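As provided, upload-v7.tsv (TSV, C-alpha atoms) reads as follows.
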```tsv
chain	number	residue	atom	x	y	z
A	1	LYS	CA	47.66	38.24	51.51
A	2	LEU	CA	45.10	35.57	52.32
A	3	THR	CA	43.30	34.70	55.56
A	4	ILE	CA	42.15	31.09	55.91
A	5	ALA	CA	40.05	29.75	58.79
A	6	LEU	CA	40.44	26.09	59.76
A	7	ALA	CA	36.93	25.16	60.91
A	8	GLN	CA	37.02	21.92	62.89
A	9	LEU	CA	33.36	20.97	63.37
A	10	ASN	CA	31.23	18.09	64.69
A	11	PRO	CA	28.74	17.18	61.95
A	12	THR	CA	26.01	14.58	62.42
A	13	VAL	CA	25.37	11.89	59.81
A	14	GLY	CA	22.03	12.53	58.13
A	15	ASP	CA	21.39	15.93	59.75
A	16	ILE	CA	21.92	17.92	56.58
A	17	ASP	CA	20.16	21.08	57.80
A	18	GLY	CA	21.93	20.96	61.16
A	19	ASN	CA	25.30	20.52	59.48
A	20	ALA	CA	24.58	23.47	57.17
A	21	ASP	CA	23.77	25.57	60.24
A	22	LEU	CA	27.14	24.61	61.76
A	23	LEU	CA	28.77	25.96	58.60
A	24	ARG	CA	26.74	29.17	58.78
A	25	ALA	CA	27.85	29.76	62.36
A	26	ALA	CA	31.47	29.08	61.44
A	27	ARG	CA	31.21	31.41	58.47
A	28	ALA	CA	29.81	34.20	60.64
A	29	GLU	CA	32.71	33.79	63.09
A	30	ALA	CA	35.24	33.74	60.25
A	31	ALA	CA	33.65	36.79	58.62
A	32	ALA	CA	34.03	38.72	61.88
A	33	ALA	CA	37.73	37.80	61.82
A	34	GLY	CA	38.11	39.09	58.26
A	35	CYS	CA	38.73	35.69	56.66
A	36	ASP	CA	38.77	35.11	52.92
A	37	LEU	CA	38.18	31.34	53.07
A	38	ILE	CA	36.84	28.78	55.53
A	39	VAL	CA	38.08	25.21	55.11
A	40	THR	CA	35.86	22.49	56.62
A	41	SER	CA	35.98	18.70	56.71
A	42	GLU	CA	35.24	15.84	54.33
A	43	LEU	CA	31.52	15.20	53.67
A	44	VAL	CA	30.56	17.80	56.27
A	45	ILE	CA	27.16	18.36	54.58
A	46	PRO	CA	25.86	14.76	54.84
A	47	GLY	CA	28.04	13.85	57.82
A	48	TYR	CA	30.82	11.28	57.75
A	49	PRO	CA	30.62	8.42	56.95
A	50	PRO	CA	27.18	8.48	55.24
A	51	GLU	CA	27.44	4.82	54.11
A	52	ASP	CA	24.29	3.59	52.32
A	53	LEU	CA	22.51	6.95	52.63
A	54	VAL	CA	24.62	7.83	49.60
A	55	PHE	CA	22.43	5.58	47.44
A	56	ARG	CA	19.15	7.35	48.26
A	57	PRO	CA	18.10	9.86	45.56
A	58	SER	CA	16.23	11.90	48.19
A	59	PHE	CA	19.40	12.16	50.28
A	60	GLN	CA	21.46	13.19	47.25
A	61	GLU	CA	18.89	15.87	46.42
A	62	ALA	CA	18.81	17.16	50.00
A	63	CYS	CA	22.60	17.50	50.05
A	64	ASP	CA	22.53	19.35	46.75
A	65	ALA	CA	19.78	21.70	47.98
A	66	ALA	CA	21.79	22.52	51.12
A	67	VAL	CA	24.92	23.20	49.08
A	68	GLN	CA	23.04	25.41	46.63
A	69	LYS	CA	21.52	27.42	49.48
A	70	LEU	CA	24.89	27.89	51.19
A	71	ALA	CA	26.46	28.88	47.89
A	72	ALA	CA	23.79	31.53	47.30
A	73	GLU	CA	24.51	33.00	50.75
A	74	THR	CA	28.14	33.67	49.76
A	75	ALA	CA	26.88	36.42	47.43
A	76	ASP	CA	27.00	38.73	50.47
A	77	GLY	CA	30.69	39.45	49.83
A	78	GLY	CA	31.84	37.48	52.88
A	79	PRO	CA	34.28	34.59	53.03
A	80	ALA	CA	34.16	31.62	50.70
A	81	LEU	CA	33.46	28.09	51.96
A	82	LEU	CA	35.35	24.93	51.02
A	83	VAL	CA	33.01	22.11	52.04
A	84	GLY	CA	32.78	18.36	51.57
A	85	SER	CA	29.60	16.83	50.17
A	86	LEU	CA	28.16	14.32	47.75
A	87	TRP	CA	28.35	15.24	44.07
A	88	VAL	CA	26.28	13.52	41.40
A	89	GLU	CA	27.53	13.65	37.82
A	90	ASP	CA	26.58	11.47	34.83
A	91	GLY	CA	24.72	9.08	37.11
A	92	LYS	CA	27.71	8.55	39.43
A	93	VAL	CA	28.06	9.71	43.01
A	94	TYR	CA	31.37	11.23	44.12
A	95	ASN	CA	32.95	12.31	47.37
A	96	ALA	CA	33.64	15.95	46.54
A	97	ALA	CA	35.22	19.16	47.76
A	98	LEU	CA	33.13	22.17	46.71
A	99	LEU	CA	34.24	25.80	46.71
A	100	LEU	CA	31.29	28.10	47.41
A	101	ASP	CA	32.03	31.72	46.55
A	102	GLU	CA	30.34	34.82	45.17
A	103	GLY	CA	26.89	33.23	45.24
A	104	LYS	CA	27.69	30.03	43.36
A	105	ILE	CA	29.53	26.72	43.35
A	106	ALA	CA	32.77	28.12	42.02
A	107	ALA	CA	34.69	24.84	41.72
A	108	VAL	CA	34.30	21.10	42.23
A	109	ARG	CA	37.08	18.62	42.95
A	110	LEU	CA	36.39	14.88	43.22
A	111	LYS	CA	38.17	12.45	45.55
A	112	HIS	CA	40.61	10.36	43.55
A	113	ASP	CA	41.91	7.73	45.99
A	114	LEU	CA	39.06	5.83	47.66
A	115	PRO	CA	40.05	3.85	50.78
A	116	ASN	CA	38.64	0.34	51.03
A	117	TYR	CA	40.34	-1.17	54.07
A	118	GLY	CA	39.70	-1.35	57.80
A	119	VAL	CA	36.68	0.84	58.62
A	120	PHE	CA	36.55	2.33	55.10
A	121	ASP	CA	34.15	1.15	52.40
A	122	GLU	CA	34.27	3.98	49.86
A	123	LYS	CA	34.78	2.03	46.65
A	124	ARG	CA	31.36	0.49	47.20
A	125	VAL	CA	29.50	3.79	47.58
A	126	PHE	CA	31.51	6.31	45.54
A	127	ALA	CA	33.05	6.58	42.09
A	128	ALA	CA	36.69	7.68	41.89
A	129	GLY	CA	37.37	11.11	40.42
A	130	PRO	CA	40.17	12.01	38.02
A	131	LEU	CA	43.48	13.48	39.11
A	132	PRO	CA	42.69	17.14	39.91
A	133	GLY	CA	44.14	20.46	38.88
A	134	PRO	CA	44.35	23.51	41.18
A	135	ILE	CA	41.50	25.92	41.87
A	136	ASN	CA	42.08	29.59	41.17
A	137	PHE	CA	40.90	31.55	44.21
A	138	ARG	CA	41.61	35.24	44.73
A	139	ASP	CA	45.00	35.22	43.03
A	140	VAL	CA	46.20	31.97	44.59
A	141	ARG	CA	46.04	28.46	43.12
A	142	LEU	CA	44.73	26.01	45.72
A	143	GLY	CA	45.54	22.32	45.32
A	144	VAL	CA	42.57	20.60	46.95
A	145	LEU	CA	42.81	16.99	48.16
A	146	VAL	CA	40.20	14.86	49.93
A	147	CYS	CA	41.58	12.81	52.85
A	148	GLU	CA	43.06	9.62	51.32
A	149	ASP	CA	44.37	11.70	48.40
A	150	MET	CA	47.14	12.85	50.76
A	151	TRP	CA	48.22	9.35	51.80
A	152	THR	CA	50.11	8.70	48.58
A	153	GLY	CA	52.05	11.13	46.41
A	154	ASP	CA	50.14	10.89	43.12
A	155	VAL	CA	47.56	13.63	43.67
A	156	THR	CA	50.08	16.01	45.23
A	157	GLU	CA	52.48	15.45	42.33
A	158	CYS	CA	49.73	16.22	39.82
A	159	LEU	CA	48.74	19.40	41.68
A	160	GLU	CA	52.33	20.61	42.04
A	161	GLU	CA	53.07	20.00	38.36
A	162	SER	CA	49.91	21.88	37.35
A	163	GLY	CA	50.79	24.98	39.35
A	164	ALA	CA	49.24	24.65	42.83
A	165	GLU	CA	50.62	27.08	45.42
A	166	ILE	CA	48.95	25.88	48.65
A	167	LEU	CA	47.77	22.32	49.33
A	168	VAL	CA	44.41	22.12	51.12
A	169	VAL	CA	43.26	18.75	52.51
A	170	ILE	CA	39.73	18.15	53.84
A	171	ASN	CA	39.41	15.06	56.02
A	172	GLY	CA	37.19	12.64	57.90
A	173	SER	CA	40.05	10.82	59.59
A	174	PRO	CA	39.04	8.61	62.56
A	175	PHE	CA	41.19	8.27	65.64
A	176	GLU	CA	43.60	5.40	66.18
A	177	ASP	CA	46.59	5.12	68.49
A	178	GLU	CA	49.42	7.34	67.15
A	179	LYS	CA	47.19	8.49	64.26
A	180	GLN	CA	48.06	12.17	64.76
A	181	ASP	CA	51.77	11.43	64.29
A	182	GLN	CA	50.95	9.39	61.20
A	183	ARG	CA	48.94	12.24	59.66
A	184	LEU	CA	51.68	14.75	60.36
A	185	ASN	CA	54.35	12.46	58.91
A	186	LEU	CA	52.33	11.98	55.72
A	187	ALA	CA	51.67	15.70	55.45
A	188	VAL	CA	55.37	16.43	55.89
A	189	ALA	CA	56.15	13.89	53.15
A	190	ARG	CA	53.78	15.66	50.74
A	191	VAL	CA	55.22	19.07	51.65
A	192	THR	CA	58.78	17.81	51.23
A	193	GLU	CA	57.99	16.29	47.81
A	194	SER	CA	56.26	19.39	46.51
A	195	SER	CA	57.86	22.25	48.51
A	196	LEU	CA	54.30	23.54	48.98
A	197	PRO	CA	52.65	24.57	52.26
A	198	LEU	CA	49.67	22.53	53.41
A	199	VAL	CA	46.39	23.06	55.29
A	200	TYR	CA	44.79	19.98	56.90
A	201	VAL	CA	41.28	20.10	58.42
A	202	ASN	CA	39.70	17.16	60.24
A	203	GLN	CA	36.41	16.77	62.13
A	204	VAL	CA	35.57	15.82	65.70
A	205	GLY	CA	32.76	13.76	67.24
A	206	GLY	CA	31.63	10.18	66.80
A	207	GLN	CA	29.59	7.96	64.52
A	208	ASP	CA	28.86	4.32	65.40
A	209	GLU	CA	32.23	2.72	66.24
A	210	LEU	CA	34.27	5.67	64.92
A	211	VAL	CA	35.53	8.66	66.88
A	212	PHE	CA	37.21	11.71	65.35
A	213	ASP	CA	39.92	13.60	67.21
A	214	GLY	CA	40.35	16.71	65.06
A	215	GLY	CA	43.92	17.95	65.38
A	216	SER	CA	43.76	20.12	62.26
A	217	PHE	CA	46.94	21.97	61.31
A	218	ALA	CA	48.87	24.06	58.80
A	219	LEU	CA	52.45	23.47	57.63
A	220	ASN	CA	54.76	25.84	55.83
A	221	GLY	CA	56.79	24.83	52.81
A	222	ASP	CA	59.76	24.01	55.09
A	223	SER	CA	57.49	21.57	57.01
A	224	SER	CA	57.36	23.78	60.10
A	225	LEU	CA	54.08	23.74	62.04
A	226	SER	CA	52.41	27.15	61.81
A	227	ALA	CA	48.98	26.41	63.29
A	228	GLN	CA	47.12	23.60	65.05
A	229	THR	CA	43.64	23.33	66.51
A	230	ALA	CA	42.74	21.69	69.77
A	231	SER	CA	41.95	17.97	69.76
A	232	TRP	CA	38.63	16.35	70.70
A	233	ARG	CA	36.49	19.49	70.47
A	234	GLU	CA	35.18	21.92	67.92
A	235	ASP	CA	37.67	24.68	67.23
A	236	MET	CA	38.52	27.34	64.70
A	237	VAL	CA	41.96	28.73	63.99
A	238	THR	CA	42.53	31.73	61.74
A	239	THR	CA	45.72	31.60	59.68
A	240	GLN	CA	47.37	34.55	57.96
A	241	TRP	CA	49.08	33.87	54.64
A	242	ARG	CA	51.38	36.15	52.65
A	243	ARG	CA	53.34	35.82	49.48
A	244	ASP	CA	57.10	35.85	50.16
A	245	GLY	CA	58.90	36.02	46.85
A	246	GLY	CA	57.29	33.27	44.79
A	247	ASN	CA	56.04	31.24	47.76
A	248	TRP	CA	53.12	31.45	50.17
A	249	VAL	CA	54.00	31.54	53.86
A	250	CYS	CA	51.71	31.08	56.87
A	251	ASP	CA	52.54	33.22	59.89
A	252	VAL	CA	52.66	31.30	63.17
A	253	SER	CA	49.24	31.21	64.84
A	254	ASP	CA	47.67	28.99	67.53
A	255	ARG	CA	49.60	25.76	68.06
A	256	ASN	CA	47.65	23.55	70.43
A	257	ALA	CA	49.55	20.43	71.46
A	258	PRO	CA	47.59	17.20	71.03
A	259	PRO	CA	46.81	15.39	74.32
```
I'd like the structure from this file rewritten - as structure tokens, please.
Amino acid sequence: KLTIALAQLNPTVGDIDGNADLLRAARAEAAAAGCDLIVTSELVIPGYPPEDLVFRPSFQEACDAAVQKLAAETADGGPALLVGSLWVEDGKVYNAALLLDEGKIAAVRLKHDLPNYGVFDEKRVFAAGPLPGPINFRDVRLGVLVCEDMWTGDVTECLEESGAEILVVINGSPFEDEKQDQRLNLAVARVTESSLPLVYVNQVGGQDELVFDGGSFALNGDSSLSAQTASWREDMVTTQWRRDGGNWVCDVSDRNAPP
């Protein structure tokens, strides 16, 4: 069995300490509910989108310090955190998903597909990561994707072929007309291709001309909707997972209809 909290938060760009405190509060709530893992949104530590703040060494160092401190706090035996932040490696800056567990950064996965259209400008500020493999977490292999990685099938195919059992997508997906239907359709496509269940966590709030509507959800391997957060506000949904034969299944939880 596995209990995963979908933590739909409202981070603020540049407020690294404030964003870390949002994660602490979410972790305390999830711990009280007996969760094993809290999944948060893309770049939740620096706030999304950080744009040219990414280039500042002092900003990179502050993000790293916040992540290291949060990681150390997971030594208390409580739930793990899957967070989005900057990651600097070999002089390159990546958009990363970081698993914080048992007092350390237990795993790092780097965003592979960088969007560079419309409001997105990620190829200018980030390096692209390699195709990822799954993360081993408490006897389940999590296939972690970062936002745009779900929009085409390449990353999902790589994760499925390398043994992932649950797909987990962290997102900073801004609102557009009919965007929620588009996200669900893409998620269903990835589930159908892989036969794997999927967790999708988005943020809420606003930054400059962007607004974020949330609408996080979980799908089972048959594409049925098992959980969905509210839209347009911070929310947390706790999902209960169990192994059924060789597959992981999410029991039906809260299913808030989007407005």
Nearest candidate to Val83 (chain A) (options A:Ala65, A:Ala230, A:Leu37, A:Ile166; using only C-alpha atoms):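 For Val83 (chain A), the nearest of the candidates is A:Leu37.
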Residue with smallest distance to Gly34 (chain A) - pool A:Gly78, A:Ala20, A:Thr192, A:Gly103, counting all atoms listed in the file: A:Gly78
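Between Ala75 (chain A) and the residues A:Ala106, A:Leu225, A:Cys250, A:Cys35, the shortest atom-to-atom distance, using only C-alpha atoms, involves A:Ala106.
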Need the shell around Lys69 (chain A): protein/DNA/RNA residues with any atom at most 12 Å away, counting all atoms listed in the file. Skip same-chain ones fewer than 4 positions apart. Format as a CSV table (one decimal) with C-alpha atoms, in the coordinates of the input?
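Final file, result39.csv:
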```csv
chain,number,residue,atom,x,y,z
A,16,ILE,CA,21.9,17.9,56.6
A,17,ASP,CA,20.2,21.1,57.8
A,20,ALA,CA,24.6,23.5,57.2
A,21,ASP,CA,23.8,25.6,60.2
A,23,LEU,CA,28.8,26.0,58.6
A,24,ARG,CA,26.7,29.2,58.8
A,45,ILE,CA,27.2,18.4,54.6
A,62,ALA,CA,18.8,17.2,50.0
A,63,CYS,CA,22.6,17.5,50.0
A,64,ASP,CA,22.5,19.4,46.8
A,65,ALA,CA,19.8,21.7,48.0
A,73,GLU,CA,24.5,33.0,50.8
A,74,THR,CA,28.1,33.7,49.8
A,75,ALA,CA,26.9,36.4,47.4
A,100,LEU,CA,31.3,28.1,47.4
A,101,ASP,CA,32.0,31.7,46.6
A,103,GLY,CA,26.9,33.2,45.2
A,104,LYS,CA,27.7,30.0,43.4
A,105,ILE,CA,29.5,26.7,43.4
```
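The closest residue to Arg242 (chain A), picked from A:Asn220, A:Gln228, A:Thr12, A:Gln203 and counting all atoms listed in the file, is A:Asn220.
Distance annotation: of A:Val108, A:Leu159, A:Leu184, A:Ala218, the residue with the minimal separation from Leu6 (chain A) is A:Ala218; atom set is only C-alpha atoms.
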